[in-house]
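Data file: final32.cif. Format and content: mmCIF, N, CA and C atoms and all ligand atoms.
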data_input
#
loop_
_atom_site.label_atom_id
_atom_site.label_comp_id
_atom_site.auth_asym_id
_atom_site.auth_seq_id
_atom_site.Cartn_x
_atom_site.Cartn_y
_atom_site.Cartn_z
N MET A 1229 42.98 81.93 -65.01
CA MET A 1229 41.82 81.65 -64.17
C MET A 1229 41.40 80.18 -64.33
N THR A 1230 41.08 79.53 -63.24
CA THR A 1230 40.77 78.10 -63.34
C THR A 1230 39.38 77.86 -63.93
N VAL A 1231 39.35 76.86 -64.77
CA VAL A 1231 38.09 76.47 -65.40
C VAL A 1231 37.61 75.17 -64.73
N THR A 1232 36.36 75.16 -64.29
CA THR A 1232 35.79 73.96 -63.65
C THR A 1232 34.80 73.32 -64.61
N LYS A 1233 34.90 72.00 -64.72
CA LYS A 1233 33.94 71.27 -65.55
C LYS A 1233 32.77 70.87 -64.66
N ILE A 1234 31.57 71.32 -65.02
CA ILE A 1234 30.40 71.02 -64.19
C ILE A 1234 29.62 69.83 -64.76
N VAL A 1235 29.65 69.70 -66.10
CA VAL A 1235 28.94 68.60 -66.75
C VAL A 1235 29.86 67.97 -67.78
N ASP A 1236 29.88 66.64 -67.82
CA ASP A 1236 30.61 65.89 -68.85
C ASP A 1236 29.82 64.60 -69.04
N ASP A 1237 28.88 64.64 -69.98
CA ASP A 1237 27.87 63.58 -70.06
C ASP A 1237 27.54 63.24 -71.50
N ASN A 1238 27.04 62.03 -71.69
CA ASN A 1238 26.56 61.63 -73.01
C ASN A 1238 25.07 61.40 -72.95
N ILE A 1239 24.38 61.83 -74.00
CA ILE A 1239 22.95 61.55 -74.10
C ILE A 1239 22.72 60.71 -75.36
N PRO A 1240 21.99 59.60 -75.25
CA PRO A 1240 21.69 58.81 -76.44
C PRO A 1240 20.88 59.65 -77.45
N SER A 1241 20.91 59.27 -78.71
CA SER A 1241 20.27 60.09 -79.76
C SER A 1241 18.75 59.87 -79.80
N LYS A 1242 18.09 60.19 -78.72
CA LYS A 1242 16.63 60.05 -78.65
C LYS A 1242 16.04 61.38 -78.24
N LEU A 1243 15.20 61.94 -79.10
CA LEU A 1243 14.66 63.28 -78.84
C LEU A 1243 13.82 63.35 -77.56
N ASP A 1244 13.17 62.23 -77.19
CA ASP A 1244 12.32 62.32 -75.99
C ASP A 1244 13.15 62.36 -74.70
N LEU A 1245 14.47 62.13 -74.79
CA LEU A 1245 15.32 62.24 -73.59
C LEU A 1245 15.81 63.67 -73.35
N VAL A 1246 15.61 64.54 -74.35
CA VAL A 1246 16.20 65.88 -74.28
C VAL A 1246 15.67 66.72 -73.11
N PRO A 1247 14.34 66.83 -72.91
CA PRO A 1247 13.89 67.68 -71.80
C PRO A 1247 14.44 67.26 -70.43
N GLY A 1248 14.43 65.96 -70.14
CA GLY A 1248 14.95 65.48 -68.86
C GLY A 1248 16.44 65.73 -68.72
N PHE A 1249 17.17 65.56 -69.82
CA PHE A 1249 18.61 65.80 -69.80
C PHE A 1249 18.89 67.28 -69.49
N ILE A 1250 18.13 68.17 -70.12
CA ILE A 1250 18.33 69.62 -69.89
C ILE A 1250 18.03 69.97 -68.43
N THR A 1251 16.97 69.39 -67.88
CA THR A 1251 16.63 69.64 -66.47
C THR A 1251 17.79 69.22 -65.57
N ALA A 1252 18.39 68.05 -65.86
CA ALA A 1252 19.52 67.56 -65.05
C ALA A 1252 20.73 68.49 -65.17
N VAL A 1253 21.00 68.98 -66.38
CA VAL A 1253 22.13 69.91 -66.56
C VAL A 1253 21.87 71.20 -65.77
N LEU A 1254 20.67 71.74 -65.89
CA LEU A 1254 20.36 72.99 -65.20
C LEU A 1254 20.45 72.84 -63.68
N GLU A 1255 20.10 71.66 -63.18
CA GLU A 1255 20.24 71.41 -61.74
C GLU A 1255 21.71 71.51 -61.31
N LYS A 1256 22.58 70.98 -62.14
CA LYS A 1256 24.02 71.04 -61.82
C LYS A 1256 24.55 72.48 -61.87
N LEU A 1257 23.88 73.34 -62.66
CA LEU A 1257 24.34 74.73 -62.79
C LEU A 1257 23.82 75.64 -61.67
N GLN A 1258 22.97 75.08 -60.80
CA GLN A 1258 22.40 75.91 -59.73
C GLN A 1258 23.46 76.53 -58.82
N VAL A 1259 24.61 75.87 -58.70
CA VAL A 1259 25.70 76.41 -57.87
C VAL A 1259 26.17 77.78 -58.36
N LEU A 1260 25.86 78.11 -59.61
CA LEU A 1260 26.34 79.38 -60.17
C LEU A 1260 25.38 80.54 -59.88
N HIS A 1261 24.20 80.26 -59.31
CA HIS A 1261 23.21 81.29 -58.98
C HIS A 1261 22.93 82.21 -60.16
N LEU A 1262 22.57 81.62 -61.28
CA LEU A 1262 22.28 82.40 -62.48
C LEU A 1262 20.91 83.08 -62.35
N ASP A 1263 20.72 84.19 -63.08
CA ASP A 1263 19.40 84.82 -63.02
C ASP A 1263 18.48 84.16 -64.06
N GLU A 1264 17.20 84.57 -64.02
CA GLU A 1264 16.15 83.96 -64.84
C GLU A 1264 16.48 84.02 -66.35
N ASP A 1265 16.98 85.17 -66.77
CA ASP A 1265 17.30 85.35 -68.20
C ASP A 1265 18.42 84.42 -68.64
N GLU A 1266 19.42 84.29 -67.76
CA GLU A 1266 20.56 83.41 -68.10
C GLU A 1266 20.10 81.95 -68.17
N VAL A 1267 19.27 81.55 -67.21
CA VAL A 1267 18.76 80.17 -67.21
C VAL A 1267 17.94 79.92 -68.48
N PHE A 1268 17.10 80.89 -68.83
CA PHE A 1268 16.27 80.74 -70.04
C PHE A 1268 17.14 80.58 -71.29
N ALA A 1269 18.15 81.43 -71.42
CA ALA A 1269 19.03 81.38 -72.59
C ALA A 1269 19.77 80.04 -72.67
N LEU A 1270 20.24 79.56 -71.54
CA LEU A 1270 20.98 78.29 -71.54
C LEU A 1270 20.07 77.13 -71.91
N LYS A 1271 18.84 77.13 -71.38
CA LYS A 1271 17.88 76.07 -71.71
C LYS A 1271 17.58 76.07 -73.20
N LEU A 1272 17.28 77.24 -73.72
CA LEU A 1272 16.94 77.38 -75.14
C LEU A 1272 18.08 76.88 -76.03
N CYS A 1273 19.28 77.33 -75.73
CA CYS A 1273 20.43 77.00 -76.59
C CYS A 1273 20.81 75.53 -76.47
N LEU A 1274 20.72 75.00 -75.27
CA LEU A 1274 21.01 73.58 -75.09
C LEU A 1274 19.98 72.76 -75.85
N TYR A 1275 18.73 73.18 -75.79
CA TYR A 1275 17.66 72.47 -76.50
C TYR A 1275 17.93 72.48 -78.00
N GLU A 1276 18.16 73.64 -78.57
CA GLU A 1276 18.36 73.75 -80.03
C GLU A 1276 19.61 72.98 -80.47
N ALA A 1277 20.68 73.06 -79.68
CA ALA A 1277 21.93 72.37 -80.06
C ALA A 1277 21.76 70.86 -79.94
N LEU A 1278 21.08 70.40 -78.91
CA LEU A 1278 20.88 68.96 -78.74
C LEU A 1278 19.99 68.39 -79.84
N VAL A 1279 18.92 69.10 -80.16
CA VAL A 1279 18.02 68.62 -81.23
C VAL A 1279 18.78 68.57 -82.56
N ASN A 1280 19.57 69.59 -82.84
CA ASN A 1280 20.37 69.58 -84.08
C ASN A 1280 21.35 68.41 -84.09
N ALA A 1281 22.03 68.19 -82.96
CA ALA A 1281 23.03 67.11 -82.89
C ALA A 1281 22.36 65.74 -83.09
N ILE A 1282 21.20 65.56 -82.47
CA ILE A 1282 20.50 64.27 -82.56
C ILE A 1282 19.90 64.07 -83.96
N LYS A 1283 19.21 65.14 -84.46
CA LYS A 1283 18.50 65.00 -85.74
C LYS A 1283 19.45 65.09 -86.94
N HIS A 1284 20.15 66.21 -87.05
CA HIS A 1284 20.97 66.45 -88.24
C HIS A 1284 22.31 65.73 -88.14
N GLY A 1285 22.90 65.71 -86.95
CA GLY A 1285 24.22 65.09 -86.79
C GLY A 1285 24.12 63.58 -86.76
N ASN A 1286 23.51 63.06 -85.70
CA ASN A 1286 23.47 61.60 -85.51
C ASN A 1286 22.31 60.92 -86.23
N LYS A 1287 21.47 61.70 -86.88
CA LYS A 1287 20.31 61.15 -87.63
C LYS A 1287 19.49 60.19 -86.77
N GLU A 1288 19.43 60.49 -85.50
CA GLU A 1288 18.64 59.69 -84.53
C GLU A 1288 19.06 58.22 -84.48
N LYS A 1289 20.33 57.95 -84.82
CA LYS A 1289 20.81 56.55 -84.77
C LYS A 1289 21.00 56.11 -83.31
N SER A 1290 20.44 54.95 -83.00
CA SER A 1290 20.41 54.52 -81.60
C SER A 1290 21.80 54.16 -81.06
N ASP A 1291 22.76 53.88 -81.95
CA ASP A 1291 24.10 53.52 -81.47
C ASP A 1291 25.01 54.75 -81.35
N GLN A 1292 24.47 55.95 -81.58
CA GLN A 1292 25.29 57.15 -81.48
C GLN A 1292 24.79 58.05 -80.36
N ALA A 1293 25.73 58.76 -79.73
CA ALA A 1293 25.37 59.62 -78.60
C ALA A 1293 25.83 61.05 -78.88
N VAL A 1294 25.37 61.95 -78.05
CA VAL A 1294 25.81 63.35 -78.10
C VAL A 1294 26.55 63.64 -76.81
N HIS A 1295 27.72 64.21 -76.93
CA HIS A 1295 28.57 64.51 -75.79
C HIS A 1295 28.37 65.97 -75.38
N VAL A 1296 28.07 66.19 -74.12
CA VAL A 1296 27.83 67.56 -73.64
C VAL A 1296 28.82 67.90 -72.53
N ILE A 1297 29.53 69.00 -72.72
CA ILE A 1297 30.44 69.49 -71.68
C ILE A 1297 29.99 70.90 -71.30
N VAL A 1298 29.92 71.15 -70.00
CA VAL A 1298 29.68 72.52 -69.53
C VAL A 1298 30.82 72.88 -68.59
N LYS A 1299 31.48 74.00 -68.88
CA LYS A 1299 32.61 74.47 -68.08
C LYS A 1299 32.34 75.90 -67.65
N THR A 1300 32.97 76.29 -66.55
CA THR A 1300 32.85 77.70 -66.15
C THR A 1300 34.13 78.18 -65.47
N ASN A 1301 34.39 79.46 -65.61
CA ASN A 1301 35.47 80.07 -64.83
C ASN A 1301 34.90 81.17 -63.93
N LYS A 1302 33.58 81.05 -63.65
CA LYS A 1302 32.82 82.00 -62.82
C LYS A 1302 32.47 83.28 -63.58
N LYS A 1303 33.20 83.60 -64.65
CA LYS A 1303 32.86 84.79 -65.43
C LYS A 1303 32.04 84.44 -66.65
N LYS A 1304 32.23 83.22 -67.13
CA LYS A 1304 31.45 82.78 -68.29
C LYS A 1304 31.19 81.29 -68.22
N ILE A 1305 30.16 80.88 -68.96
CA ILE A 1305 29.81 79.46 -69.05
C ILE A 1305 30.08 79.02 -70.48
N ILE A 1306 30.76 77.91 -70.62
CA ILE A 1306 31.06 77.38 -71.95
C ILE A 1306 30.33 76.06 -72.12
N LEU A 1307 29.47 76.00 -73.14
CA LEU A 1307 28.72 74.77 -73.44
C LEU A 1307 29.27 74.18 -74.72
N GLU A 1308 29.58 72.90 -74.72
CA GLU A 1308 30.03 72.24 -75.95
C GLU A 1308 29.18 71.01 -76.20
N VAL A 1309 28.58 70.97 -77.37
CA VAL A 1309 27.69 69.87 -77.75
C VAL A 1309 28.28 69.23 -79.01
N THR A 1310 28.63 67.94 -78.90
CA THR A 1310 29.34 67.26 -79.99
C THR A 1310 28.57 66.02 -80.45
N ASP A 1311 28.33 65.93 -81.75
CA ASP A 1311 27.65 64.74 -82.27
C ASP A 1311 28.66 63.83 -82.98
N GLN A 1312 28.17 62.71 -83.44
CA GLN A 1312 29.03 61.72 -84.10
C GLN A 1312 28.72 61.63 -85.60
N GLY A 1313 28.16 62.71 -86.15
CA GLY A 1313 27.79 62.73 -87.57
C GLY A 1313 28.98 63.09 -88.46
N HIS A 1314 28.65 63.54 -89.67
CA HIS A 1314 29.69 63.85 -90.66
C HIS A 1314 30.10 65.32 -90.65
N GLY A 1315 29.50 66.10 -89.75
CA GLY A 1315 29.76 67.54 -89.77
C GLY A 1315 28.96 68.17 -90.89
N PHE A 1316 29.10 69.48 -91.07
CA PHE A 1316 28.38 70.17 -92.14
C PHE A 1316 29.06 71.52 -92.40
N ASP A 1317 28.64 72.14 -93.51
CA ASP A 1317 29.24 73.43 -93.86
C ASP A 1317 28.52 74.54 -93.11
N PHE A 1318 29.07 74.86 -91.94
CA PHE A 1318 28.41 75.85 -91.07
C PHE A 1318 28.59 77.28 -91.58
N THR A 1319 29.37 77.46 -92.67
CA THR A 1319 29.49 78.81 -93.25
C THR A 1319 28.30 79.10 -94.18
N ARG A 1320 27.47 78.09 -94.42
CA ARG A 1320 26.35 78.27 -95.35
C ARG A 1320 24.99 78.06 -94.71
N ILE A 1321 24.87 78.41 -93.45
CA ILE A 1321 23.57 78.28 -92.80
C ILE A 1321 22.68 79.43 -93.31
N PRO A 1322 21.51 79.11 -93.88
CA PRO A 1322 20.66 80.19 -94.42
C PRO A 1322 20.19 81.16 -93.34
N ASN A 1323 20.07 82.42 -93.70
CA ASN A 1323 19.58 83.44 -92.77
C ASN A 1323 18.05 83.36 -92.73
N PRO A 1324 17.47 83.05 -91.54
CA PRO A 1324 16.02 82.86 -91.49
C PRO A 1324 15.21 84.16 -91.58
N THR A 1325 15.91 85.33 -91.59
CA THR A 1325 15.17 86.59 -91.60
C THR A 1325 15.03 87.19 -93.01
N THR A 1326 15.59 86.54 -94.02
CA THR A 1326 15.45 87.10 -95.37
C THR A 1326 14.03 86.82 -95.89
N GLU A 1327 13.63 87.55 -96.94
CA GLU A 1327 12.28 87.44 -97.47
C GLU A 1327 11.94 86.00 -97.88
N GLU A 1328 12.90 85.32 -98.51
CA GLU A 1328 12.60 83.95 -98.99
C GLU A 1328 12.47 82.94 -97.84
N ASN A 1329 13.07 83.23 -96.69
CA ASN A 1329 13.06 82.25 -95.59
C ASN A 1329 12.10 82.60 -94.45
N ILE A 1330 11.60 83.81 -94.42
CA ILE A 1330 10.85 84.29 -93.25
C ILE A 1330 9.61 83.44 -92.96
N GLY A 1331 8.99 82.87 -94.00
CA GLY A 1331 7.77 82.08 -93.80
C GLY A 1331 8.02 80.62 -93.46
N LYS A 1332 9.30 80.20 -93.47
CA LYS A 1332 9.61 78.78 -93.23
C LYS A 1332 9.49 78.43 -91.74
N PHE A 1333 9.11 77.21 -91.49
CA PHE A 1333 8.92 76.77 -90.11
C PHE A 1333 10.21 76.28 -89.46
N HIS A 1334 11.22 76.02 -90.25
CA HIS A 1334 12.49 75.54 -89.70
C HIS A 1334 13.63 76.47 -90.13
N GLY A 1335 14.80 76.23 -89.53
CA GLY A 1335 15.96 77.04 -89.90
C GLY A 1335 16.20 78.18 -88.93
N ARG A 1336 15.66 78.06 -87.71
CA ARG A 1336 15.81 79.17 -86.76
C ARG A 1336 16.69 78.82 -85.56
N GLY A 1337 17.05 77.55 -85.42
CA GLY A 1337 17.78 77.11 -84.22
C GLY A 1337 19.11 77.82 -84.04
N VAL A 1338 19.95 77.78 -85.05
CA VAL A 1338 21.29 78.39 -84.94
C VAL A 1338 21.16 79.91 -84.77
N TYR A 1339 20.19 80.49 -85.46
CA TYR A 1339 19.95 81.93 -85.36
C TYR A 1339 19.60 82.31 -83.91
N LEU A 1340 18.71 81.51 -83.30
CA LEU A 1340 18.34 81.77 -81.90
C LEU A 1340 19.55 81.64 -80.98
N ILE A 1341 20.36 80.61 -81.23
CA ILE A 1341 21.56 80.41 -80.40
C ILE A 1341 22.49 81.62 -80.54
N GLN A 1342 22.72 82.05 -81.79
CA GLN A 1342 23.65 83.17 -82.01
C GLN A 1342 23.15 84.46 -81.35
N ASN A 1343 21.83 84.58 -81.24
CA ASN A 1343 21.29 85.81 -80.64
C ASN A 1343 21.11 85.72 -79.13
N SER A 1344 21.33 84.54 -78.56
CA SER A 1344 21.16 84.39 -77.10
C SER A 1344 22.49 84.24 -76.37
N MET A 1345 23.55 83.95 -77.11
CA MET A 1345 24.86 83.69 -76.51
C MET A 1345 25.82 84.84 -76.83
N ASP A 1346 26.91 84.93 -76.08
CA ASP A 1346 27.90 85.98 -76.34
C ASP A 1346 28.89 85.56 -77.41
N SER A 1347 29.07 84.26 -77.60
CA SER A 1347 29.94 83.80 -78.69
C SER A 1347 29.52 82.38 -79.08
N VAL A 1348 29.51 82.11 -80.38
CA VAL A 1348 29.15 80.78 -80.89
C VAL A 1348 30.18 80.38 -81.95
N LYS A 1349 30.73 79.19 -81.78
CA LYS A 1349 31.72 78.70 -82.75
C LYS A 1349 31.37 77.27 -83.12
N PHE A 1350 31.57 76.94 -84.40
CA PHE A 1350 31.48 75.54 -84.81
C PHE A 1350 32.90 75.01 -84.90
N LEU A 1351 33.14 73.86 -84.29
CA LEU A 1351 34.47 73.24 -84.28
C LEU A 1351 34.36 71.85 -84.88
N ASN A 1352 35.52 71.22 -85.14
CA ASN A 1352 35.47 69.80 -85.46
C ASN A 1352 34.62 69.55 -86.71
N GLY A 1353 34.73 70.47 -87.71
CA GLY A 1353 33.98 70.30 -88.97
C GLY A 1353 32.48 70.47 -88.82
N GLY A 1354 32.05 71.09 -87.73
CA GLY A 1354 30.61 71.30 -87.52
C GLY A 1354 30.01 70.28 -86.55
N ARG A 1355 30.81 69.31 -86.11
CA ARG A 1355 30.28 68.30 -85.17
C ARG A 1355 30.15 68.87 -83.76
N THR A 1356 30.92 69.90 -83.48
CA THR A 1356 30.84 70.53 -82.16
C THR A 1356 30.35 71.97 -82.31
N ILE A 1357 29.35 72.31 -81.50
CA ILE A 1357 28.98 73.72 -81.38
C ILE A 1357 29.40 74.17 -79.99
N GLN A 1358 30.22 75.22 -79.97
CA GLN A 1358 30.71 75.77 -78.69
C GLN A 1358 30.01 77.11 -78.45
N MET A 1359 29.31 77.18 -77.32
CA MET A 1359 28.52 78.37 -77.02
C MET A 1359 29.01 78.98 -75.71
N VAL A 1360 29.23 80.28 -75.71
CA VAL A 1360 29.74 80.94 -74.51
C VAL A 1360 28.76 82.01 -74.03
N LYS A 1361 28.42 81.94 -72.75
CA LYS A 1361 27.55 82.95 -72.13
C LYS A 1361 28.33 83.64 -71.02
N VAL A 1362 28.42 84.95 -71.10
CA VAL A 1362 29.08 85.71 -70.03
C VAL A 1362 28.08 85.85 -68.88
N ILE A 1363 28.55 85.57 -67.67
CA ILE A 1363 27.67 85.64 -66.50
C ILE A 1363 27.64 87.09 -66.00
N LYS A 1364 26.42 87.59 -65.77
CA LYS A 1364 26.25 88.98 -65.33
C LYS A 1364 26.79 89.23 -63.92
N1 LIG A 1401 24.96 69.14 -85.66
C1 LIG A 1401 24.65 69.31 -86.94
N2 LIG A 1401 25.03 68.39 -87.88
C2 LIG A 1401 24.72 68.55 -89.17
N3 LIG A 1401 24.04 69.59 -89.67
C3 LIG A 1401 23.64 70.54 -88.80
C4 LIG A 1401 23.92 70.46 -87.41
N4 LIG A 1401 23.42 71.56 -86.80
C5 LIG A 1401 22.83 72.28 -87.77
N5 LIG A 1401 22.95 71.69 -88.98
C6 LIG A 1401 22.49 72.20 -90.28
O1 LIG A 1401 22.22 73.58 -90.14
C7 LIG A 1401 20.86 73.87 -90.51
C8 LIG A 1401 20.33 74.99 -89.67
O2 LIG A 1401 20.11 74.54 -88.32
P1 LIG A 1401 18.94 75.24 -87.50
O3 LIG A 1401 18.88 74.63 -86.16
O4 LIG A 1401 19.13 76.72 -87.59
O5 LIG A 1401 17.63 74.91 -88.32
P2 LIG A 1401 16.81 73.54 -88.40
O6 LIG A 1401 17.34 72.56 -87.43
O7 LIG A 1401 16.76 73.15 -89.84
O8 LIG A 1401 15.35 74.02 -87.96
P3 LIG A 1401 14.85 74.43 -86.49
O9 LIG A 1401 15.99 74.31 -85.55
O10 LIG A 1401 14.35 75.85 -86.64
O11 LIG A 1401 13.75 73.46 -86.20
C9 LIG A 1401 20.13 72.54 -90.37
O12 LIG A 1401 19.01 72.44 -91.22
C10 LIG A 1401 21.21 71.54 -90.77
O13 LIG A 1401 21.27 71.43 -92.18
MG MG A 1402 17.56 73.06 -85.41
#

Please re-express this file's structure in structure tokens.
Ligand SMILES: Nc1ncnc2c1ncn2[C@@H]1O[C@H](COP(=O)(O)OP(=O)(O)OP(=O)(O)O)[C@@H](O)[C@H]1O
Ligand SMILES: [Mg+2]
Amino acid sequence: MTVTKIVDDNIPSKLDLVPGFITAVLEKLQVLHLDEDEVFALKLCLYEALVNAIKHGNKEKSDQAVHVIVKTNKKKIILEVTDQGHGFDFTRIPNPTTEENIGKFHGRGVYLIQNSMDSVKFLNGGRTIQMVKVIK
């Protein structure tokens, strides 16, 4: 089945550019006629992945960008967000629902992504998060 690339873009590592960037990506996805829940999940996951890439990956360095690819084969949407950082040990992300972590204000981004997408993979030593949403 043919895969079409809908988005192939770089965003500079500035957190205040994230909302506008997400709006532009979602506009490009309108051709897919997604329902409200799908749009919400994609916005949420793109937001969490971009903030992680900018903050934890690129450390908000002005000379580094985040690369975003969105592909579809009409049955699913594949989002790939890649930073220029050092990667990280994605096998050791703390579980935010345990007793010791439940009161913390951070550490929920990846958990939210994993619970909103049909598949989530870290590639490239953790520099790329690949998120797949099956279209209803
Ligand atoms: N792109 C990345 N590069 C380096 N480390 C990352 C990256 N994405 C996630 N991490 C690491 O994984 C941890 C968990 O990420 P997660 O988004 O769940 O929580 P958080 O960013 O700390 O807090 P929150 O997203 O709830 O504000 C981060 O604290 C960070 O150590
Ligand atoms: Mg986060």

What parts of range 1234-1364 of chain A does DSSP call strand (DSSP E or B)? I'd like the answer as a PyMOL selection string. chain A and resi 1234-1240+1293-1300+1304-1310+1347-1351+1356-1362

How close does each residue of chain A get to ligand LIG 1401 (chain A), giving the shortest atom pair and distance in Å to one decimal for every residue with an atom at most 5 Å away, counting only N, CA and C atoms and all ligand atoms, sorted by chain and residue number, as a Markdown table?
| residue | atom | partner | partner_atom | distance |
| --- | --- | --- | --- | --- |
| A:Asn1280 | C | A:LIG1401 | N1 | 4.0 |
| A:Ala1281 | CA | A:LIG1401 | N1 | 3.9 |
| A:His1284 | C | A:LIG1401 | N2 | 3.8 |
| A:Gly1285 | N | A:LIG1401 | N2 | 3.5 |
| A:Gly1315 | C | A:LIG1401 | C2 | 4.6 |
| A:Phe1316 | N | A:LIG1401 | C2 | 4.9 |
| A:His1334 | CA | A:LIG1401 | O10 | 3.6 |
| A:Gly1335 | N | A:LIG1401 | O8 | 2.8 |
| A:Arg1336 | N | A:LIG1401 | O10 | 2.8 |
| A:Gly1337 | N | A:LIG1401 | O4 | 3.1 |
| A:Val1338 | N | A:LIG1401 | O4 | 2.9 |
| A:Tyr1339 | N | A:LIG1401 | O4 | 4.5 |

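Between CA of Glu1266 in chain A and atom C of Phe1249 in chain A the separation is 16.3 Å.
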
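Using all atoms listed in the file, the shortest contact distance between ligand MG 1402 (chain A) and any of A:Asp1291, A:Val1279, A:Ile1306, A:Pro1322 is found at A:Val1279.
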
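Secondary structure of range 1306-1364 of chain A, helix (DSSP H, G or I) only (DSSP, backbone atoms): Phe1318, Thr1319, Arg1320, Gly1337, Val1338, Tyr1339, Leu1340, Ile1341, Gln1342, Asn1343, Ser1344, Asn1352, Gly1353 and Gly1354 of chain A.
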
Distance CA of Val1235 in chain A-atom N of Lys1299 in chain A, one decimal place? 6.3 Å

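Remark: for Asn1352 in chain A, the closest of the candidate residues A:Ala1269, A:His1314, A:Leu1260, A:Asn1329 is A:His1314 (distances computed over only N, CA and C atoms).
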
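Distance annotation: of A:Leu1243, A:Asp1346, A:Val1360, A:Gly1353, the residue with the minimal separation from Glu1288 in chain A is A:Leu1243; atom set is all atoms listed in the file.
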
For Leu1351 in chain A: contacts at 9 Å, only C-alpha atoms, fewer than 6 positions along chain excluded, given as a list of chain:residue names: A:Thr1310, A:Ile1357, A:Gln1358

The centre and edge lengths of an axis-aligned box containing all atoms of range 1230-1245 of chain A present in the file, extended by 3 Å on each side, are to be given in Å to one decimal, as AutoDock Vina command-line options.
--center_x 26.7 --center_y 69.2 --center_z -71.5 --size_x 34.8 --size_y 26.7 --size_z 22.6

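Counting from atom C of Leu1307 in chain A, the distance to atom C of Leu1274 in chain A is 9.5 Å.
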